[in-house]
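Student: Below you'll find the structure I mean.
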Amino acid sequence: MASSSNSGSLSEMYSRITLAEEEDGGLEILEEEEGMVDKSFDWCLVGRVLTDTYINFSVFKQIMAGIWKPVHKVCIEMVAEHLFVFKFFHELDMRRVIEDGPWTFEKNLIITKRLSIGEIPGEIVLWFADFLVHVLDVLAGYATEKVGENVGNYLGKFVKCDLTPIRGSGMNSFRIRVSLDVRRPLQRRMKLRRGGGKWSWLNFQYERLPMFCFCCGIIGHWEKFCAKYFENPIPKEFLPYDSCLRVNLKKMVNTGDRWLQPSSQARVSSDEEGDEVEALNGKISENLKISYHNRNLNLNMEDTRKVGGEGKSNPLNNGDLNYSGYGKDKGESKSSEEAELTLDSKRKRLELGFSEDREANGSDFQHDLMIIDPYNNSPVGPGIQAR
C-alpha cells in the first residue's frame, strides 16, 4: 500500500515540475524584428452574424463577396460557428466595407471589427455595431455638432455627425453615426428642451436596420421568439415598436432619370394606362381601316385589269358584269345586281379583316397588316383589343 501511494505522489511531483517548466519558458516576439509579423493582417475584419440559425458557409461567402465587390478580392474564413475572418488585399476595400456598414445576411446583422495584430479572433467581443441614425424634429437652431454629439452619446457611443438636412425631412434634421450595443433596446425618441422652455421630442430612424423585435426592441430576433412577448402576448398592433424605425433608403437615393432613355414598356397608373390603351385602340382601328381600304382599291384595280385583259370593260365604270367573284369560276356571268352585291360583300369582308384566302388558310386578317400591342407582344386588330 505504501509503495502505491509513493508512486502516486512521485507522478504528481513530476507533473508539477513539467508544468512549471512550461510556464517559465516561452518566446517573446518583438514586432521590430523583420519577418516576425505578417503585415497582411492589417487589412482584416473579424465578423459575427447575429443569429442562432445554421449558416451555409459556401452560400455566405458567395453572397458577401457579391455584395461588397472588392476590387482586390477578399478571402473569407470560418473561425467558429457564426464567426468569420474577412481578409482584404487592399486598405481601400476594407475601409469601404467598414464605412458603408452595417451589413446583413438573410436579414441578420453582421457585427464587424477591425482585427489588430496580436489579437485572437475567437476572443474578440462583438456586441457593438455602427449605425447611421436620422435625428428628426430638431428645434430651429439646434442642428449643431454639439447637440449631435450629446444625442449620439445618449443612444450609444458617438462616432461622427453630418449636419446636412435630410432630404424629404426638412431643415430640422441631421444624421449621426453611433456605435450601438445590440444587447440594449433601440431608442425610438428622446426628450429635449431649451432652458426654461417646453419639452419636445427628437424622433429617430435607423438606416439599414436589420431584424429586430417589435416587442422588446432588441436586434437579432422576432417577437415570436421573444421571452418578453411570451409573458405578455398582446396584439401586434399594440406592440411598442414597428417598422417606422427603419429608414426607407429608396426615398434617399438620387434617381438617374436625367441619364435614362424612357422605356416604351414602362407601366403607368391605371387611369393613365386606360387612356393610353383607348388611344392605342383608336389608332389601331384607324390604321387598319386605311390599310384595308387601300388594299380594297388595289384589288378592284387588279380585277379591272383582269377583266380588261379578257377584252371586257371595267365593271365599276361601265356596268359590265362579267366578273370573277368569290366562289365562282372565271368567265361565269352575273347580273348587274349580283355583281354590285358581290363587290359590296367583298368590301365588307375586307373592312372586317377577312382575307381572300380565309377559307383556304383559316386566317382572319393579313399578317402583313398585323399591329403588335407593345405591352404584351400580342397581335391586335378588329375584334382584338389591346389589353
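Residue names in the C-alpha cells use chain letters A, B, ... in the order shown, residue numbers from 1 in each chain, and ligand numbers from 1 in the order shown.
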With only C-alpha atoms as the counted atoms, please give the residues lying no more than 6 Å from Phe204 (chain A), apart from itself and same-chain residues fewer than 3 positions off, as a ChimeraX atom specification.
Tutor: /A:134-135,188-189
Student: If you keep all heavy atoms, can you produce a file of those selected residues as a PDB file, in the first residue's frame?
Tutor:
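Output below, filename again-v3.pdb:
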```pdb
ATOM      1  N   HIS A 134     -30.988  58.850 -38.180  1.00  0.00           N
ATOM      2  CA  HIS A 134     -31.607  60.107 -38.581  1.00  0.00           C
ATOM      3  C   HIS A 134     -32.254  60.746 -37.357  1.00  0.00           C
ATOM      4  O   HIS A 134     -33.110  60.124 -36.697  1.00  0.00           O
ATOM      5  CB  HIS A 134     -32.665  59.869 -39.654  1.00  0.00           C
ATOM      6  CG  HIS A 134     -32.095  59.423 -40.969  1.00  0.00           C
ATOM      7  ND1 HIS A 134     -32.771  59.554 -42.158  1.00  0.00           N
ATOM      8  CD2 HIS A 134     -30.899  58.877 -41.291  1.00  0.00           C
ATOM      9  CE1 HIS A 134     -32.028  59.085 -43.149  1.00  0.00           C
ATOM     10  NE2 HIS A 134     -30.888  58.656 -42.639  1.00  0.00           N
ATOM     11  N   VAL A 135     -31.845  61.961 -37.047  1.00  0.00           N
ATOM     12  CA  VAL A 135     -32.420  62.711 -35.938  1.00  0.00           C
ATOM     13  C   VAL A 135     -33.425  63.696 -36.535  1.00  0.00           C
ATOM     14  O   VAL A 135     -33.052  64.599 -37.291  1.00  0.00           O
ATOM     15  CB  VAL A 135     -31.335  63.446 -35.138  1.00  0.00           C
ATOM     16  CG1 VAL A 135     -31.938  64.162 -33.943  1.00  0.00           C
ATOM     17  CG2 VAL A 135     -30.256  62.462 -34.678  1.00  0.00           C
ATOM     18  N   ARG A 188     -36.433  54.929 -29.564  1.00  0.00           N
ATOM     19  CA  ARG A 188     -37.345  55.477 -30.548  1.00  0.00           C
ATOM     20  C   ARG A 188     -37.289  57.005 -30.599  1.00  0.00           C
ATOM     21  O   ARG A 188     -37.423  57.599 -31.667  1.00  0.00           O
ATOM     22  CB  ARG A 188     -38.776  55.033 -30.245  1.00  0.00           C
ATOM     23  CG  ARG A 188     -38.981  53.520 -30.317  1.00  0.00           C
ATOM     24  CD  ARG A 188     -40.327  53.131 -29.748  1.00  0.00           C
ATOM     25  NE  ARG A 188     -40.410  53.494 -28.332  1.00  0.00           N
ATOM     26  CZ  ARG A 188     -41.527  53.434 -27.614  1.00  0.00           C
ATOM     27  NH1 ARG A 188     -42.652  53.049 -28.190  1.00  0.00           N
ATOM     28  NH2 ARG A 188     -41.525  53.773 -26.335  1.00  0.00           N
ATOM     29  N   ARG A 189     -37.108  57.651 -29.452  1.00  0.00           N
ATOM     30  CA  ARG A 189     -37.103  59.111 -29.388  1.00  0.00           C
ATOM     31  C   ARG A 189     -36.410  59.574 -28.109  1.00  0.00           C
ATOM     32  O   ARG A 189     -36.046  58.756 -27.253  1.00  0.00           O
ATOM     33  CB  ARG A 189     -38.532  59.656 -29.446  1.00  0.00           C
ATOM     34  CG  ARG A 189     -39.466  59.073 -28.404  1.00  0.00           C
ATOM     35  CD  ARG A 189     -40.875  59.591 -28.593  1.00  0.00           C
ATOM     36  NE  ARG A 189     -41.769  59.151 -27.535  1.00  0.00           N
ATOM     37  CZ  ARG A 189     -42.998  59.601 -27.364  1.00  0.00           C
ATOM     38  NH1 ARG A 189     -43.480  60.517 -28.205  1.00  0.00           N
ATOM     39  NH2 ARG A 189     -43.763  59.161 -26.373  1.00  0.00           N
TER      40      ARG A 189
END
```
Student: Between CA of Ala80 (chain A) and CA of Trp43 (chain A), what is the spacing in Å?
Tutor: 20.1 Å
Student: Would you please give, as an MDAnalysis selection string, all residues of region 135-270 of chain A that DSSP assigns to strand (DSSP E) based on the backbone?
Tutor: chainID A and resid 135:136 157:162 173:181 189:193 199:206
Student: Could you list, as a PDB file with N, CA and C atoms, in the first residue's frame, every residue within 8 Å of Arg48 (chain A), counting only C-alpha atoms and ignoring same-chain residues fewer than 5 positions away?
Tutor:
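Output (around.pdb):
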```
ATOM      1  N   HIS A  82     -20.818  30.943 -36.849  1.00  0.00           N
ATOM      2  CA  HIS A  82     -21.265  32.334 -36.941  1.00  0.00           C
ATOM      3  C   HIS A  82     -20.134  33.348 -36.814  1.00  0.00           C
ATOM      4  N   LEU A  83     -18.890  32.894 -36.732  1.00  0.00           N
ATOM      5  CA  LEU A  83     -17.745  33.800 -36.586  1.00  0.00           C
ATOM      6  C   LEU A  83     -16.811  33.632 -37.779  1.00  0.00           C
ATOM      7  N   PHE A  84     -16.421  34.773 -38.411  1.00  0.00           N
ATOM      8  CA  PHE A  84     -15.648  34.721 -39.643  1.00  0.00           C
ATOM      9  C   PHE A  84     -14.543  35.776 -39.618  1.00  0.00           C
ATOM     10  N   ILE A 110     -24.590  41.662 -39.251  1.00  0.00           N
ATOM     11  CA  ILE A 110     -23.189  41.209 -39.189  1.00  0.00           C
ATOM     12  C   ILE A 110     -22.411  42.270 -38.417  1.00  0.00           C
ATOM     13  N   ILE A 111     -21.921  41.908 -37.247  1.00  0.00           N
ATOM     14  CA  ILE A 111     -21.119  42.822 -36.422  1.00  0.00           C
ATOM     15  C   ILE A 111     -19.659  42.619 -36.789  1.00  0.00           C
ATOM     16  N   THR A 112     -18.987  43.670 -37.204  1.00  0.00           N
ATOM     17  CA  THR A 112     -17.592  43.568 -37.627  1.00  0.00           C
ATOM     18  C   THR A 112     -16.693  44.481 -36.794  1.00  0.00           C
ATOM     19  N   LEU A 126     -17.828  40.971 -29.637  1.00  0.00           N
ATOM     20  CA  LEU A 126     -18.535  41.639 -30.737  1.00  0.00           C
ATOM     21  C   LEU A 126     -19.987  41.881 -30.331  1.00  0.00           C
TER      22      LEU A 126
END
```
Student: Of the candidates A:Gly47, A:Gly156, A:Gly141, A:Pro121, which one gets nearest to Thr104 (chain A) if we count only C-alpha atoms?
Tutor: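 Smallest separation from Thr104 (chain A) among the options: A:Gly47.
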Student: Rounded to one decimal place, report the CA of Trp103 (chain A)-CA of Lys157 (chain A) distance in Å.
Tutor: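 For CA of Trp103 (chain A) relative to CA of Lys157 (chain A), the distance reads 18.9 Å.
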Student: Return the single residue from A:Ser169, A:Lys228, A:Arg194, A:Val133 that is closest to Arg246 (chain A), with distances computed using only C-alpha atoms.
Tutor: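 Of all the options, A:Val133 lies closest to Arg246 (chain A).
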Student: For each of A:Gly66, A:Pro102, A:Pro240, A:Gly220, take the minimum atom-to-atom distance to Leu132 (chain A), counting only C-alpha atoms, then give the residue where this is smallest.
Tutor: A:Pro102
Student: Could you list, as a list in words, every residue within 8 Å of Asp137 (chain A), counting only C-alpha atoms and ignoring same-chain residues fewer than 3 positions away?
Tutor: Asn172, Ser173, Trp201, Leu202 and Asn203 of chain A
Student: Could you write out the selected residues, including N, CA and C atoms, as a CSV table (one decimal), in the first residue's frame?
Tutor:
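Writing done, so here's part_9.csv:
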```
chain,number,residue,atom,x,y,z
A,172,ASN,N,-35.0,70.8,-40.2
A,172,ASN,CA,-34.8,70.5,-38.8
A,172,ASN,C,-34.5,69.0,-38.6
A,173,SER,N,-33.4,68.6,-39.3
A,173,SER,CA,-33.0,67.2,-39.2
A,173,SER,C,-31.5,67.1,-39.5
A,201,TRP,N,-39.8,66.5,-28.5
A,201,TRP,CA,-39.3,65.1,-28.8
A,201,TRP,C,-38.4,65.1,-30.0
A,202,LEU,N,-37.3,64.5,-29.9
A,202,LEU,CA,-36.4,64.2,-31.1
A,202,LEU,C,-36.8,62.7,-31.5
A,203,ASN,N,-37.2,62.5,-32.7
A,203,ASN,CA,-37.5,61.2,-33.2
A,203,ASN,C,-36.3,60.6,-34.0
```
Student: Could you tell me how far CA of Met190 (chain A) lies from CA of Tyr154 (chain A), in Å and to one decimal?
Tutor: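 Atom-to-atom, CA of Met190 (chain A) to CA of Tyr154 (chain A), that is 8.6 Å.
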Student: List as a PyMOL selection string the protein and nucleic acid residues near Phe174 (chain A), meaning an atom at most 9 Å away when only C-alpha atoms are counted, but skip any in the same chain fewer than 5 places from it.
Tutor: chain A and resi 133-136+138+143-144+148+161-166
Student: Restrict the selected residues to all heavy atoms and save them as an mmCIF file, in the first residue's frame.
Tutor:
```
data_model
loop_
_atom_site.group_PDB
_atom_site.id
_atom_site.type_symbol
_atom_site.label_atom_id
_atom_site.label_comp_id
_atom_site.auth_asym_id
_atom_site.auth_seq_id
_atom_site.Cartn_x
_atom_site.Cartn_y
_atom_site.Cartn_z
ATOM 1 N N VAL A 133 -27.980 57.128 -37.837
ATOM 2 C CA VAL A 133 -29.266 57.440 -37.221
ATOM 3 C C VAL A 133 -29.737 58.793 -37.727
ATOM 4 O O VAL A 133 -28.977 59.776 -37.710
ATOM 5 C CB VAL A 133 -29.157 57.449 -35.686
ATOM 6 C CG1 VAL A 133 -30.525 57.706 -35.062
ATOM 7 C CG2 VAL A 133 -28.572 56.139 -35.177
ATOM 8 N N HIS A 134 -30.988 58.850 -38.180
ATOM 9 C CA HIS A 134 -31.607 60.107 -38.581
ATOM 10 C C HIS A 134 -32.254 60.746 -37.357
ATOM 11 O O HIS A 134 -33.110 60.124 -36.697
ATOM 12 C CB HIS A 134 -32.665 59.869 -39.654
ATOM 13 C CG HIS A 134 -32.095 59.423 -40.969
ATOM 14 N ND1 HIS A 134 -32.771 59.554 -42.158
ATOM 15 C CD2 HIS A 134 -30.899 58.877 -41.291
ATOM 16 C CE1 HIS A 134 -32.028 59.085 -43.149
ATOM 17 N NE2 HIS A 134 -30.888 58.656 -42.639
ATOM 18 N N VAL A 135 -31.845 61.961 -37.047
ATOM 19 C CA VAL A 135 -32.420 62.711 -35.938
ATOM 20 C C VAL A 135 -33.425 63.696 -36.535
ATOM 21 O O VAL A 135 -33.052 64.599 -37.291
ATOM 22 C CB VAL A 135 -31.335 63.446 -35.138
ATOM 23 C CG1 VAL A 135 -31.938 64.162 -33.943
ATOM 24 C CG2 VAL A 135 -30.256 62.462 -34.678
ATOM 25 N N LEU A 136 -34.699 63.530 -36.183
ATOM 26 C CA LEU A 136 -35.779 64.300 -36.787
ATOM 27 C C LEU A 136 -36.442 65.220 -35.768
ATOM 28 O O LEU A 136 -36.339 65.005 -34.564
ATOM 29 C CB LEU A 136 -36.825 63.345 -37.387
ATOM 30 C CG LEU A 136 -36.309 62.253 -38.322
ATOM 31 C CD1 LEU A 136 -37.437 61.327 -38.736
ATOM 32 C CD2 LEU A 136 -35.629 62.844 -39.538
ATOM 33 N N VAL A 138 -35.875 68.394 -34.992
ATOM 34 C CA VAL A 138 -34.946 69.174 -34.174
ATOM 35 C C VAL A 138 -35.452 70.614 -34.083
ATOM 36 O O VAL A 138 -35.951 71.179 -35.067
ATOM 37 C CB VAL A 138 -33.529 69.136 -34.787
ATOM 38 C CG1 VAL A 138 -32.536 69.897 -33.903
ATOM 39 C CG2 VAL A 138 -33.077 67.701 -34.991
ATOM 40 N N ALA A 143 -29.583 72.233 -34.693
ATOM 41 C CA ALA A 143 -28.897 71.229 -35.501
ATOM 42 C C ALA A 143 -27.413 71.573 -35.537
ATOM 43 O O ALA A 143 -26.888 72.103 -36.523
ATOM 44 C CB ALA A 143 -29.487 71.178 -36.908
ATOM 45 N N THR A 144 -26.731 71.284 -34.441
ATOM 46 C CA THR A 144 -25.321 71.622 -34.285
ATOM 47 C C THR A 144 -24.509 70.376 -33.968
ATOM 48 O O THR A 144 -25.053 69.330 -33.579
ATOM 49 C CB THR A 144 -25.127 72.651 -33.157
ATOM 50 O OG1 THR A 144 -25.537 72.061 -31.914
ATOM 51 C CG2 THR A 144 -25.958 73.903 -33.426
ATOM 52 N N GLY A 148 -25.562 67.073 -31.747
ATOM 53 C CA GLY A 148 -25.412 65.755 -32.347
ATOM 54 C C GLY A 148 -24.547 64.833 -31.507
ATOM 55 O O GLY A 148 -24.854 63.644 -31.359
ATOM 56 N N CYS A 161 -20.818 63.195 -36.985
ATOM 57 C CA CYS A 161 -22.088 63.873 -37.248
ATOM 58 C C CYS A 161 -22.085 64.455 -38.656
ATOM 59 O O CYS A 161 -21.062 64.943 -39.133
ATOM 60 C CB CYS A 161 -22.309 64.971 -36.200
ATOM 61 S SG CYS A 161 -23.873 65.859 -36.370
ATOM 62 N N ASP A 162 -23.231 64.395 -39.314
ATOM 63 C CA ASP A 162 -23.434 65.012 -40.619
ATOM 64 C C ASP A 162 -24.625 65.955 -40.490
ATOM 65 O O ASP A 162 -25.775 65.515 -40.372
ATOM 66 C CB ASP A 162 -23.708 63.944 -41.679
ATOM 67 C CG ASP A 162 -23.956 64.542 -43.057
ATOM 68 O OD1 ASP A 162 -23.755 65.759 -43.221
ATOM 69 O OD2 ASP A 162 -24.351 63.776 -43.968
ATOM 70 N N LEU A 163 -24.362 67.269 -40.504
ATOM 71 C CA LEU A 163 -25.401 68.260 -40.256
ATOM 72 C C LEU A 163 -26.201 68.624 -41.501
ATOM 73 O O LEU A 163 -27.084 69.472 -41.428
ATOM 74 C CB LEU A 163 -24.772 69.526 -39.655
ATOM 75 C CG LEU A 163 -24.086 69.348 -38.298
ATOM 76 C CD1 LEU A 163 -23.463 70.657 -37.835
ATOM 77 C CD2 LEU A 163 -25.071 68.830 -37.261
ATOM 78 N N THR A 164 -25.906 68.004 -42.623
ATOM 79 C CA THR A 164 -26.676 68.276 -43.841
ATOM 80 C C THR A 164 -28.122 67.846 -43.632
ATOM 81 O O THR A 164 -28.380 66.708 -43.216
ATOM 82 C CB THR A 164 -26.085 67.510 -45.033
ATOM 83 O OG1 THR A 164 -24.705 67.841 -45.165
ATOM 84 C CG2 THR A 164 -26.824 67.863 -46.312
ATOM 85 N N PRO A 165 -29.100 68.739 -43.888
ATOM 86 C CA PRO A 165 -30.508 68.351 -43.705
ATOM 87 C C PRO A 165 -30.850 67.123 -44.537
ATOM 88 O O PRO A 165 -30.407 66.970 -45.674
ATOM 89 C CB PRO A 165 -31.283 69.583 -44.175
ATOM 90 C CG PRO A 165 -30.330 70.724 -44.022
ATOM 91 C CD PRO A 165 -28.966 70.165 -44.310
ATOM 92 N N ILE A 166 -31.642 66.251 -43.951
ATOM 93 C CA ILE A 166 -32.017 65.014 -44.618
ATOM 94 C C ILE A 166 -33.062 65.304 -45.677
ATOM 95 O O ILE A 166 -34.049 65.992 -45.411
ATOM 96 C CB ILE A 166 -32.554 63.998 -43.596
ATOM 97 C CG1 ILE A 166 -31.478 63.692 -42.553
ATOM 98 C CG2 ILE A 166 -32.988 62.712 -44.283
ATOM 99 C CD1 ILE A 166 -31.991 62.924 -41.367
#
```
